[in-house]
Structure formats: C-alpha cells, structure tokens
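Q: my_file-v1.cif is the file, holding mmCIF, C-alpha atoms and all ligand atoms:
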data_structure
#
loop_
_atom_site.group_PDB
_atom_site.id
_atom_site.type_symbol
_atom_site.label_atom_id
_atom_site.label_comp_id
_atom_site.auth_asym_id
_atom_site.auth_seq_id
_atom_site.Cartn_x
_atom_site.Cartn_y
_atom_site.Cartn_z
ATOM 1 C CA MET A 10 34.966 -34.213 -8.485
ATOM 2 C CA ARG A 11 34.467 -30.513 -7.778
ATOM 3 C CA TYR A 12 31.584 -29.099 -5.785
ATOM 4 C CA LEU A 13 28.462 -27.935 -7.586
ATOM 5 C CA THR A 14 27.213 -24.822 -5.778
ATOM 6 C CA PHE A 15 23.577 -23.710 -5.546
ATOM 7 C CA ALA A 16 22.500 -20.143 -4.715
ATOM 8 C CA LEU A 17 18.925 -20.175 -3.457
ATOM 9 C CA ALA A 18 16.693 -17.168 -2.790
ATOM 10 C CA LYS A 19 15.732 -16.882 0.843
ATOM 11 C CA GLY A 20 12.196 -15.829 1.680
ATOM 12 C CA ARG A 21 9.038 -17.029 -0.030
ATOM 13 C CA LEU A 22 10.699 -19.380 -2.520
ATOM 14 C CA ALA A 23 13.206 -21.114 -0.232
ATOM 15 C CA LYS A 24 11.043 -23.866 1.259
ATOM 16 C CA LYS A 25 9.565 -24.991 -2.040
ATOM 17 C CA THR A 26 12.978 -24.933 -3.693
ATOM 18 C CA LEU A 27 14.456 -27.216 -1.035
ATOM 19 C CA ALA A 28 11.417 -29.512 -1.193
ATOM 20 C CA LEU A 29 11.744 -29.825 -4.966
ATOM 21 C CA LEU A 30 15.466 -30.593 -4.821
ATOM 22 C CA GLU A 31 14.825 -33.140 -2.081
ATOM 23 C CA GLN A 32 12.366 -34.974 -4.327
ATOM 24 C CA ILE A 33 15.130 -35.610 -6.862
ATOM 25 C CA GLY A 34 17.512 -36.781 -4.159
ATOM 26 C CA ILE A 35 19.394 -33.534 -3.650
ATOM 27 C CA THR A 36 19.389 -33.095 0.076
ATOM 28 C CA CYS A 37 21.162 -31.083 2.694
ATOM 29 C CA ASP A 38 20.147 -32.015 6.237
ATOM 30 C CA GLU A 39 22.405 -29.325 7.709
ATOM 31 C CA MET A 40 20.189 -26.664 6.188
ATOM 32 C CA LYS A 41 17.070 -27.801 8.018
ATOM 33 C CA ASP A 42 18.211 -26.610 11.435
ATOM 34 C CA PRO A 43 15.939 -23.577 11.963
ATOM 35 C CA ASP A 44 18.308 -21.930 14.462
ATOM 36 C CA THR A 45 21.462 -22.073 12.435
ATOM 37 C CA ARG A 46 23.312 -18.891 11.522
ATOM 38 C CA LYS A 47 25.515 -20.751 9.099
ATOM 39 C CA LEU A 48 25.458 -19.388 5.579
ATOM 40 C CA ILE A 49 26.823 -22.249 3.535
ATOM 41 C CA PHE A 50 25.869 -25.918 3.695
ATOM 42 C CA VAL A 51 27.645 -28.926 2.279
ATOM 43 C CA ASN A 52 26.566 -32.380 1.156
ATOM 44 C CA GLU A 53 29.943 -34.130 1.119
ATOM 45 C CA GLU A 54 28.726 -37.370 -0.458
ATOM 46 C CA MET A 55 27.167 -35.666 -3.447
ATOM 47 C CA LYS A 56 29.793 -32.910 -3.592
ATOM 48 C CA LEU A 57 27.187 -30.186 -3.390
ATOM 49 C CA LYS A 58 27.184 -26.810 -1.649
ATOM 50 C CA PHE A 59 24.160 -24.619 -0.968
ATOM 51 C CA PHE A 60 23.711 -21.087 0.237
ATOM 52 C CA LEU A 61 20.732 -18.844 0.761
ATOM 53 C CA SER A 62 21.076 -15.216 -0.272
ATOM 54 C CA LYS A 63 18.785 -12.272 -0.838
ATOM 55 C CA ALA A 64 16.746 -13.011 -3.961
ATOM 56 C CA THR A 65 18.158 -10.019 -5.835
ATOM 57 C CA ASP A 66 21.720 -11.275 -5.275
ATOM 58 C CA VAL A 67 21.142 -14.771 -6.718
ATOM 59 C CA PRO A 68 21.711 -13.715 -10.374
ATOM 60 C CA THR A 69 24.902 -11.897 -9.322
ATOM 61 C CA TYR A 70 26.386 -15.002 -7.672
ATOM 62 C CA VAL A 71 25.472 -17.080 -10.706
ATOM 63 C CA GLU A 72 26.796 -14.641 -13.323
ATOM 64 C CA TYR A 73 30.191 -14.469 -11.602
ATOM 65 C CA GLY A 74 30.347 -18.238 -11.114
ATOM 66 C CA ALA A 75 30.377 -18.070 -7.300
ATOM 67 C CA ALA A 76 27.358 -20.356 -7.696
ATOM 68 C CA ASP A 77 26.896 -22.734 -10.626
ATOM 69 C CA ILE A 78 23.130 -22.886 -10.296
ATOM 70 C CA GLY A 79 20.505 -20.549 -8.843
ATOM 71 C CA VAL A 80 16.801 -20.612 -8.115
ATOM 72 C CA VAL A 81 15.019 -17.266 -8.206
ATOM 73 C CA GLY A 82 11.830 -15.551 -9.404
ATOM 74 C CA LYS A 83 11.489 -14.491 -13.051
ATOM 75 C CA ASP A 84 10.871 -10.944 -11.758
ATOM 76 C CA THR A 85 14.372 -10.840 -10.246
ATOM 77 C CA ILE A 86 15.920 -12.295 -13.410
ATOM 78 C CA LEU A 87 14.261 -9.622 -15.560
ATOM 79 C CA GLU A 88 15.094 -6.804 -13.175
ATOM 80 C CA GLU A 89 18.742 -7.728 -12.658
ATOM 81 C CA GLY A 90 19.480 -8.407 -16.352
ATOM 82 C CA ARG A 91 22.538 -10.557 -15.640
ATOM 83 C CA ASN A 92 24.366 -12.777 -18.137
ATOM 84 C CA LEU A 93 23.193 -16.285 -17.327
ATOM 85 C CA TYR A 94 21.175 -19.114 -18.786
ATOM 86 C CA GLU A 95 17.581 -19.468 -17.633
ATOM 87 C CA VAL A 96 17.141 -23.214 -18.029
ATOM 88 C CA MET A 97 13.866 -24.201 -16.405
ATOM 89 C CA ASP A 98 10.497 -22.979 -15.206
ATOM 90 C CA LEU A 99 10.018 -24.742 -11.872
ATOM 91 C CA GLY A 100 6.268 -24.169 -11.830
ATOM 92 C CA PHE A 101 5.918 -22.725 -8.327
ATOM 93 C CA GLY A 102 5.943 -19.159 -6.982
ATOM 94 C CA LYS A 103 3.414 -18.303 -9.655
ATOM 95 C CA CYS A 104 2.239 -14.687 -9.754
ATOM 96 C CA ARG A 105 1.983 -11.797 -12.232
ATOM 97 C CA MET A 106 3.797 -8.519 -12.760
ATOM 98 C CA CYS A 107 1.106 -5.897 -13.238
ATOM 99 C CA VAL A 108 0.453 -2.202 -13.600
ATOM 100 C CA CYS A 109 -1.940 -1.402 -10.754
ATOM 101 C CA GLY A 110 -3.674 1.653 -9.400
ATOM 102 C CA PRO A 111 -7.069 3.108 -8.601
ATOM 103 C CA HIS A 112 -9.772 2.469 -11.224
ATOM 104 C CA LYS A 113 -9.624 6.079 -12.401
ATOM 105 C CA ALA A 114 -5.952 5.702 -13.401
ATOM 106 C CA LYS A 115 -6.984 3.444 -16.305
ATOM 107 C CA GLU A 116 -7.637 6.539 -18.402
ATOM 108 C CA LEU A 117 -4.113 7.814 -17.826
ATOM 109 C CA LEU A 118 -2.688 4.655 -19.381
ATOM 110 C CA LYS A 119 -4.718 5.213 -22.538
ATOM 111 C CA LYS A 120 -4.143 8.911 -23.018
ATOM 112 C CA ASN A 121 -0.389 8.643 -23.185
ATOM 113 C CA GLU A 122 0.041 11.205 -20.436
ATOM 114 C CA ILE A 123 3.292 11.584 -18.560
ATOM 115 C CA ILE A 124 2.578 9.767 -15.315
ATOM 116 C CA ARG A 125 4.573 8.676 -12.294
ATOM 117 C CA VAL A 126 5.089 4.943 -11.767
ATOM 118 C CA ALA A 127 6.352 3.626 -8.432
ATOM 119 C CA SER A 128 7.989 0.192 -8.313
ATOM 120 C CA LYS A 129 10.461 -2.125 -6.612
ATOM 121 C CA TYR A 130 11.246 -3.139 -10.208
ATOM 122 C CA PRO A 131 12.349 0.077 -12.008
ATOM 123 C CA ASN A 132 13.961 -1.759 -14.943
ATOM 124 C CA ILE A 133 10.896 -3.898 -15.630
ATOM 125 C CA ALA A 134 8.669 -0.815 -15.330
ATOM 126 C CA LYS A 135 10.899 1.256 -17.614
ATOM 127 C CA ASP A 136 11.067 -1.495 -20.229
ATOM 128 C CA TYR A 137 7.297 -2.000 -20.196
ATOM 129 C CA PHE A 138 6.370 1.666 -20.577
ATOM 130 C CA ASN A 139 9.193 2.750 -22.909
ATOM 131 C CA ASN A 140 9.541 -0.273 -25.170
ATOM 132 C CA GLN A 141 6.213 -2.078 -25.085
ATOM 133 C CA LYS A 142 3.766 0.784 -24.615
ATOM 134 C CA ASN A 143 5.746 3.750 -25.904
ATOM 135 C CA GLN A 144 4.557 5.898 -23.032
ATOM 136 C CA THR A 145 6.938 8.356 -21.397
ATOM 137 C CA VAL A 146 6.785 7.958 -17.639
ATOM 138 C CA GLU A 147 8.694 8.969 -14.542
ATOM 139 C CA ILE A 148 9.807 5.904 -12.573
ATOM 140 C CA ILE A 149 10.115 6.164 -8.801
ATOM 141 C CA LYS A 150 12.021 3.322 -7.122
ATOM 142 C CA LEU A 151 10.584 2.016 -3.847
ATOM 143 C CA ASN A 152 11.732 -0.874 -1.674
ATOM 144 C CA GLY A 153 8.440 -2.378 -0.491
ATOM 145 C CA SER A 154 4.796 -1.697 0.422
ATOM 146 C CA VAL A 155 4.554 -0.215 -3.056
ATOM 147 C CA GLU A 156 0.735 -0.132 -2.896
ATOM 148 C CA LEU A 157 1.081 2.900 -0.642
ATOM 149 C CA ALA A 158 2.364 5.086 -3.475
ATOM 150 C CA PRO A 159 -0.921 5.764 -5.336
ATOM 151 C CA ILE A 160 -2.824 5.983 -2.041
ATOM 152 C CA VAL A 161 -0.682 8.782 -0.635
ATOM 153 C CA GLY A 162 -0.185 10.525 -3.987
ATOM 154 C CA LEU A 163 3.437 9.623 -4.695
ATOM 155 C CA SER A 164 2.510 8.137 -8.076
ATOM 156 C CA GLU A 165 -0.502 7.532 -10.293
ATOM 157 C CA VAL A 166 0.199 3.809 -10.737
ATOM 158 C CA ILE A 167 2.567 1.074 -9.577
ATOM 159 C CA VAL A 168 4.261 -1.883 -11.242
ATOM 160 C CA ASP A 169 4.228 -4.735 -8.740
ATOM 161 C CA ILE A 170 3.667 -8.417 -8.135
ATOM 162 C CA VAL A 171 0.081 -9.636 -7.817
ATOM 163 C CA GLU A 172 -0.668 -13.117 -6.557
ATOM 164 C CA THR A 173 -4.095 -13.407 -4.917
ATOM 165 C CA GLY A 174 -4.947 -9.727 -5.439
ATOM 166 C CA SER A 175 -5.899 -9.277 -1.801
ATOM 167 C CA THR A 176 -3.318 -6.551 -1.102
ATOM 168 C CA LEU A 177 -4.787 -4.550 -3.985
ATOM 169 C CA ARG A 178 -8.405 -5.157 -2.951
ATOM 170 C CA GLU A 179 -7.799 -4.193 0.663
ATOM 171 C CA ASN A 180 -6.307 -0.923 -0.487
ATOM 172 C CA GLY A 181 -8.884 0.061 -3.108
ATOM 173 C CA LEU A 182 -6.581 -0.661 -6.042
ATOM 174 C CA GLU A 183 -6.890 -2.959 -9.051
ATOM 175 C CA VAL A 184 -4.920 -4.556 -11.850
ATOM 176 C CA LEU A 185 -4.963 -2.147 -14.790
ATOM 177 C CA GLU A 186 -2.639 -4.003 -17.181
ATOM 178 C CA GLU A 187 -0.641 -7.218 -17.060
ATOM 179 C CA VAL A 188 3.084 -6.953 -17.793
ATOM 180 C CA CYS A 189 4.034 -10.657 -17.661
ATOM 181 C CA PRO A 190 3.475 -13.936 -15.817
ATOM 182 C CA LEU A 191 6.106 -14.938 -13.225
ATOM 183 C CA SER A 192 7.322 -18.085 -11.485
ATOM 184 C CA ALA A 193 10.471 -19.541 -9.969
ATOM 185 C CA ARG A 194 13.187 -20.370 -12.491
ATOM 186 C CA MET A 195 16.441 -22.290 -12.447
ATOM 187 C CA VAL A 196 19.413 -20.327 -13.762
ATOM 188 C CA VAL A 197 22.889 -21.609 -14.608
ATOM 189 C CA ASN A 198 26.277 -19.966 -14.974
ATOM 190 C CA GLN A 199 27.307 -19.937 -18.641
ATOM 191 C CA VAL A 200 30.712 -21.550 -18.097
ATOM 192 C CA SER A 201 29.387 -24.101 -15.578
ATOM 193 C CA LEU A 202 26.872 -25.371 -18.121
ATOM 194 C CA LYS A 203 29.796 -26.323 -20.376
ATOM 195 C CA MET A 204 32.264 -27.507 -17.729
ATOM 196 C CA GLU A 205 29.758 -29.492 -15.652
ATOM 197 C CA ASN A 206 27.465 -30.355 -18.509
ATOM 198 C CA GLU A 207 26.857 -33.969 -17.563
ATOM 199 C CA ARG A 208 25.927 -33.318 -13.920
ATOM 200 C CA ILE A 209 23.759 -30.327 -14.764
ATOM 201 C CA ARG A 210 21.980 -32.119 -17.631
ATOM 202 C CA LYS A 211 21.176 -35.010 -15.281
ATOM 203 C CA LEU A 212 19.803 -32.589 -12.690
ATOM 204 C CA LEU A 213 17.636 -30.864 -15.306
ATOM 205 C CA ALA A 214 16.378 -34.197 -16.675
ATOM 206 C CA ASP A 215 15.415 -35.348 -13.151
ATOM 207 C CA LEU A 216 13.643 -32.077 -12.444
ATOM 208 C CA ASN A 217 11.872 -32.194 -15.786
ATOM 209 C CA SER A 218 10.441 -35.648 -15.246
ATOM 210 C CA LEU A 219 9.354 -34.726 -11.715
ATOM 211 C CA ILE A 220 7.637 -31.533 -12.849
ATOM 212 C CA ASN A 221 5.964 -33.234 -15.813
ATOM 213 C CA LYS A 222 4.763 -36.041 -13.543
ATOM 214 C CA GLU A 223 3.202 -33.508 -11.179
ATOM 215 C CA ALA A 224 1.569 -31.491 -13.959
HETATM 216 N N1 LIG B 301 2.622 -12.791 -3.488
HETATM 217 C C1 LIG B 301 3.897 -12.640 -3.809
HETATM 218 N N2 LIG B 301 4.518 -11.515 -3.521
HETATM 219 C C2 LIG B 301 5.831 -11.343 -3.804
HETATM 220 N N3 LIG B 301 6.593 -12.257 -4.422
HETATM 221 C C3 LIG B 301 6.004 -13.418 -4.752
HETATM 222 C C4 LIG B 301 4.643 -13.663 -4.464
HETATM 223 N N4 LIG B 301 4.359 -14.895 -4.893
HETATM 224 C C5 LIG B 301 5.493 -15.374 -5.423
HETATM 225 N N5 LIG B 301 6.485 -14.499 -5.360
HETATM 226 C C6 LIG B 301 7.860 -14.723 -5.826
HETATM 227 O O1 LIG B 301 8.672 -14.835 -4.646
HETATM 228 C C7 LIG B 301 9.879 -14.097 -4.822
HETATM 229 C C8 LIG B 301 10.510 -13.763 -3.483
HETATM 230 O O2 LIG B 301 9.633 -13.063 -2.685
HETATM 231 P P1 LIG B 301 10.059 -12.580 -1.240
HETATM 232 O O3 LIG B 301 8.901 -11.789 -0.735
HETATM 233 O O4 LIG B 301 10.564 -13.688 -0.431
HETATM 234 O O5 LIG B 301 11.333 -11.681 -1.520
HETATM 235 P P2 LIG B 301 11.472 -10.135 -1.720
HETATM 236 O O6 LIG B 301 10.154 -9.450 -1.512
HETATM 237 O O7 LIG B 301 12.175 -9.948 -3.025
HETATM 238 O O8 LIG B 301 12.497 -9.864 -0.579
HETATM 239 P P3 LIG B 301 12.513 -8.695 0.449
HETATM 240 O O9 LIG B 301 11.198 -8.770 1.187
HETATM 241 O O10 LIG B 301 13.702 -9.056 1.272
HETATM 242 O O11 LIG B 301 12.674 -7.443 -0.379
HETATM 243 C C9 LIG B 301 9.509 -12.949 -5.720
HETATM 244 O O12 LIG B 301 10.658 -12.452 -6.372
HETATM 245 C C10 LIG B 301 8.493 -13.608 -6.668
HETATM 246 O O13 LIG B 301 9.174 -14.207 -7.755
HETATM 247 O O1 LIG B 302 -1.663 -10.359 -4.522
HETATM 248 P P1 LIG B 302 -1.216 -10.708 -3.145
HETATM 249 O O2 LIG B 302 -1.440 -12.140 -2.798
HETATM 250 O O3 LIG B 302 -1.795 -9.784 -2.123
HETATM 251 O O4 LIG B 302 0.397 -10.550 -3.108
HETATM 252 C C1 LIG B 302 1.061 -9.444 -3.632
HETATM 253 C C2 LIG B 302 1.736 -8.615 -2.596
HETATM 254 O O5 LIG B 302 2.780 -9.357 -1.963
HETATM 255 C C3 LIG B 302 4.051 -8.721 -2.213
HETATM 256 O O6 LIG B 302 4.466 -7.937 -1.153
HETATM 257 P P2 LIG B 302 5.389 -8.477 0.032
HETATM 258 O O7 LIG B 302 4.567 -9.238 0.994
HETATM 259 O O8 LIG B 302 6.586 -9.183 -0.541
HETATM 260 O O9 LIG B 302 5.835 -7.136 0.746
HETATM 261 P P3 LIG B 302 6.567 -5.860 0.141
HETATM 262 O O10 LIG B 302 5.513 -5.114 -0.627
HETATM 263 O O11 LIG B 302 7.004 -5.082 1.333
HETATM 264 O O12 LIG B 302 7.694 -6.345 -0.727
HETATM 265 C C4 LIG B 302 3.791 -7.865 -3.431
HETATM 266 O O13 LIG B 302 4.699 -6.783 -3.515
HETATM 267 C C5 LIG B 302 2.374 -7.406 -3.224
HETATM 268 O O14 LIG B 302 2.327 -6.317 -2.340
#
Could I get this file's structure written as structure tokens?

A:
Amino acid sequence: MRYLTFALAKGRLAKKTLALLEQIGITCDEMKDPDTRKLIFVNEEMKLKFFLSKATDVPTYVEYGAADIGVVGKDTILEEGRNLYEVMDLGFGKCRMCVCGPHKAKELLKKNEIIRVASKYPNIAKDYFNNQKNQTVEIIKLNGSVELAPIVGLSEVIVDIVETGSTLRENGLEVLEEVCPLSARMVVNQVSLKMENERIRKLLADLNSLINKEA
C-alpha cells in the first residue's frame, strides 16, 4: 500500500485540523512534540504522511500531487485558484471575507468611483470588484496588518478576513460589504481521488458522519 500524504496549513487552522483527524482515528504522535523541527511525519501502521506548510502553499502541494489531501481555508483556495477538488467543508475556521473601511467609504462603493483597495487577497478583491460589482478599482497587495491601509491613506477600503470584528472596531473601521463566507476545507489532488478512491472515500465518509454528529 502506498502512503497517503496530507498537507496541512500551519497557523490558526493546524490544531483543529489535527484534532478532527484524530477523532476519526487518523493520528500522528510524532507531530505532537512541540519542540520538533522535523517537517514531515509518518504513521507507518496506517501508511500516512503529514506535513505542515504555509497555508498559501497547501493548494500548490495538492495540485502537483506532492500531497494527496490538503486542509486549508476557503480564502486560500479562492486566492490561489489551483486545479484541485474541494471535497468537504470542515465547519471550523469560520469567518467572512469582507470589504471594510471607514463609514464614510460606503458612499464610494455606491458611486462607482475608481478607488484603491488594499488586500492580502488581490485575486479575490479583483474578482469581486470587476466581476461581481463591475467597479473599476486599483488593487494594492499587502502582506498583513491590512487594516492600516485606510487609516494611513494608502487605500480607501480593504478586502480582508473578519471573524469577531474586533480588529475593525479597535481601528475605527467597519464591514461595508460581505464578499463571501469562509471556513476550512478539505481539498484532494485530482489524480489521487481516482487512484486512491477507496481510501479517500472512507476518510470522507468518516469525516462526514463526525461533522454531522457534531452539528
Ligand atoms: N480571524 C481570522 N483571521 C485570519 N484568518 C482566519 C481567522 N479565522 C479563521 N481564519 C482562517 O485561518 C486561516 C489561516 O490563518 P493564519 O493567520 O494562520 O494564516 P495566515 O494569516 O494566512 O498566515 P501568515 O500569518 O503566515 O500570513 C485563514 O486562511 C482563514 O481561512
Ligand atoms: O475580526 P477579528 O476577530 O479581529 O479577526 C480578523 C483579523 O485577523 C486577521 O489578521 P491576522 O491576525 O492573521 O494578522 P495579519 O493581518 O497580519 O495577517 C485578519 O487579517 C484580520 O486582521
């Protein structure tokens, strides 16, 4: 039997992903050592391999088949636009992609003015304004702390993730429009789904019954 390889996003989603897999009997004790610098972990009995990578790289590993299965946020899937199958909503990591800014920027979204939009997600922002709203905008790519942009005058609005809304509130900003809801998703390599169909189907069925039981 060949190894089934999982690419998991490190950061916010990692713990919950491992906890979910553990509940359906997919474990990797090696990974729990907090001091390890190892990058790849193996469960020999179950013929499984796991690695943690930057969230934005998960779809890349899965598209090329370096991982059969990945777990990553819907935001990253949309932004990266890779060829893969999104097979399941895992129901955690829930948040929203939103257009945010100061209250006064609401007008600018109505008037169809050419505005500047800062975002860590330039493709999602471009798609929303060009294809869904038909508003011509200038997109400015940032790498984090995006809420700064409208405060210091880099852009009129931002497209960013909102969970509790506290980052916005503490900076005098608000949600102006919602782009889409987000959560963690399981993605599968297109060839792996055919070649390892039985094992992957079983995994999805186990996850499905667990998630439905919890809901
Ligand atoms: N409040 C939140 N802020 C950001 N992401 C969230 C939030 N809640 C859930 N998520 C989900 O968690 C994912 C990973 O977030 P995390 O902050 O770990 O990574 P990142 O910000 O993409 O990485 P980095 O900080 O290295 O750029 C996001 O892609 C999103 O799907
Ligand atoms: O609505 P909230 O609960 O406040 O969460 C949303 C905030 O959290 C994320 O930032 P993150 O902590 O990942 O830092 P970053 O902006 O540097 O990416 C996101 O980009 C928002 O800034």

Q: Which protein, DNA or RNA residues have an atom at most 9 Å from (17.5, -6.5, -11.8), counting only C-alpha atoms? List them as a list in words.

A: Thr65, Pro68, Asp84, Thr85, Ile86, Leu87, Glu88, Glu89, Gly90, Arg91, Tyr130, Pro131, Asn132 and Ile133 of chain A

Q: Any chance you can output those residues with C-alpha atoms as an mmCIF file, in the coordinates of the input?

A:
data_model
loop_
_atom_site.group_PDB
_atom_site.id
_atom_site.type_symbol
_atom_site.label_atom_id
_atom_site.label_comp_id
_atom_site.auth_asym_id
_atom_site.auth_seq_id
_atom_site.Cartn_x
_atom_site.Cartn_y
_atom_site.Cartn_z
ATOM 1 C CA THR A 65 18.158 -10.019 -5.835
ATOM 2 C CA PRO A 68 21.711 -13.715 -10.374
ATOM 3 C CA ASP A 84 10.871 -10.944 -11.758
ATOM 4 C CA THR A 85 14.372 -10.840 -10.246
ATOM 5 C CA ILE A 86 15.920 -12.295 -13.410
ATOM 6 C CA LEU A 87 14.261 -9.622 -15.560
ATOM 7 C CA GLU A 88 15.094 -6.804 -13.175
ATOM 8 C CA GLU A 89 18.742 -7.728 -12.658
ATOM 9 C CA GLY A 90 19.480 -8.407 -16.352
ATOM 10 C CA ARG A 91 22.538 -10.557 -15.640
ATOM 11 C CA TYR A 130 11.246 -3.139 -10.208
ATOM 12 C CA PRO A 131 12.349 0.077 -12.008
ATOM 13 C CA ASN A 132 13.961 -1.759 -14.943
ATOM 14 C CA ILE A 133 10.896 -3.898 -15.630
#

Q: Assuming the chain letters and numbering stay as they are in my file, what does the PyMOL selection byres (((chain A and resi 190) around 6) and not hetatm) actually select? List them as a list in words.

A: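 Applying the expression gives Arg105, Cys189 and Leu191 of chain A.
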
Q: Can you measure CA of Val108 in chain A to atom O11 of ligand LIG 302 (chain B) for me? One decimal in Å is fine.

A: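 Here the two named atoms are 16.6 Å from each other.
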
Q: Kindly resolve the PyMOL selection byres (((not hetatm)) within 7 of (chain B and resi 301)) on the present coordinates and return the residues as a ChimeraX atom specification.

A: /A:19-22,63-65,81-85,102-104,152-153,170-173,191-193

Q: Under the rule that all atoms listed in the file are counted, which of A:Ile167, A:Ile160, A:Val80, A:Leu177 is the nearest residue to ligand LIG 302 (chain B)?

A: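 Counting all atoms listed in the file, the residue closest to ligand LIG 302 (chain B) is A:Leu177.
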
Q: Using 5 Å of padding on each side, determine the axis-aligned box around all atoms of range 32-48 of chain A present in the file and give its centre and edge lengths in Å to one decimal, as lines of an AutoDock Vina configuration file.

A:
center_x = 18.9
center_y = -27.8
center_z = 3.8
size_x = 23.1
size_y = 27.9
size_z = 31.3

Q: What's the 10 Å shell around Met55 in chain A, counting only C-alpha atoms, without same-chain residues fewer than 3 positions away, as number ranges by chain?

A: A: 10-13, 34-37, 51-52, 58

Q: With C-alpha atoms kept, could you save the residues just selected as a PDB file, in the coordinates of the input?

A:
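Written out: selection_18.pdb:
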ATOM      1  CA  MET A  10      34.966 -34.213  -8.485  1.00  0.00           C
ATOM      2  CA  ARG A  11      34.467 -30.513  -7.778  1.00  0.00           C
ATOM      3  CA  TYR A  12      31.584 -29.099  -5.785  1.00  0.00           C
ATOM      4  CA  LEU A  13      28.462 -27.935  -7.586  1.00  0.00           C
ATOM      5  CA  GLY A  34      17.512 -36.781  -4.159  1.00  0.00           C
ATOM      6  CA  ILE A  35      19.394 -33.534  -3.650  1.00  0.00           C
ATOM      7  CA  THR A  36      19.389 -33.095   0.076  1.00  0.00           C
ATOM      8  CA  CYS A  37      21.162 -31.083   2.694  1.00  0.00           C
ATOM      9  CA  VAL A  51      27.645 -28.926   2.279  1.00  0.00           C
ATOM     10  CA  ASN A  52      26.566 -32.380   1.156  1.00  0.00           C
ATOM     11  CA  LYS A  58      27.184 -26.810  -1.649  1.00  0.00           C
TER      12      LYS A  58
END

Q: So what do you get for CA of Lys41 in chain A versus CA of Leu17 in chain A, distance-wise?

A: 13.9 Å

Q: My list of candidates is A:Leu216, A:Met204, A:Ala75, A:Leu182. Which is closest to ligand LIG 302 (chain B) when distances are computed with all atoms listed in the file?

A: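 Looking only at the distances to ligand LIG 302 (chain B), the closest residue turns out to be A:Leu182.
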
Q: For this file, the PyMOL selection byres (((chain A and resi 219) around 12) and not hetatm) selects which residues, as a PyMOL selection string?

A: chain A and resi 28-34+99-100+212-218+220-224
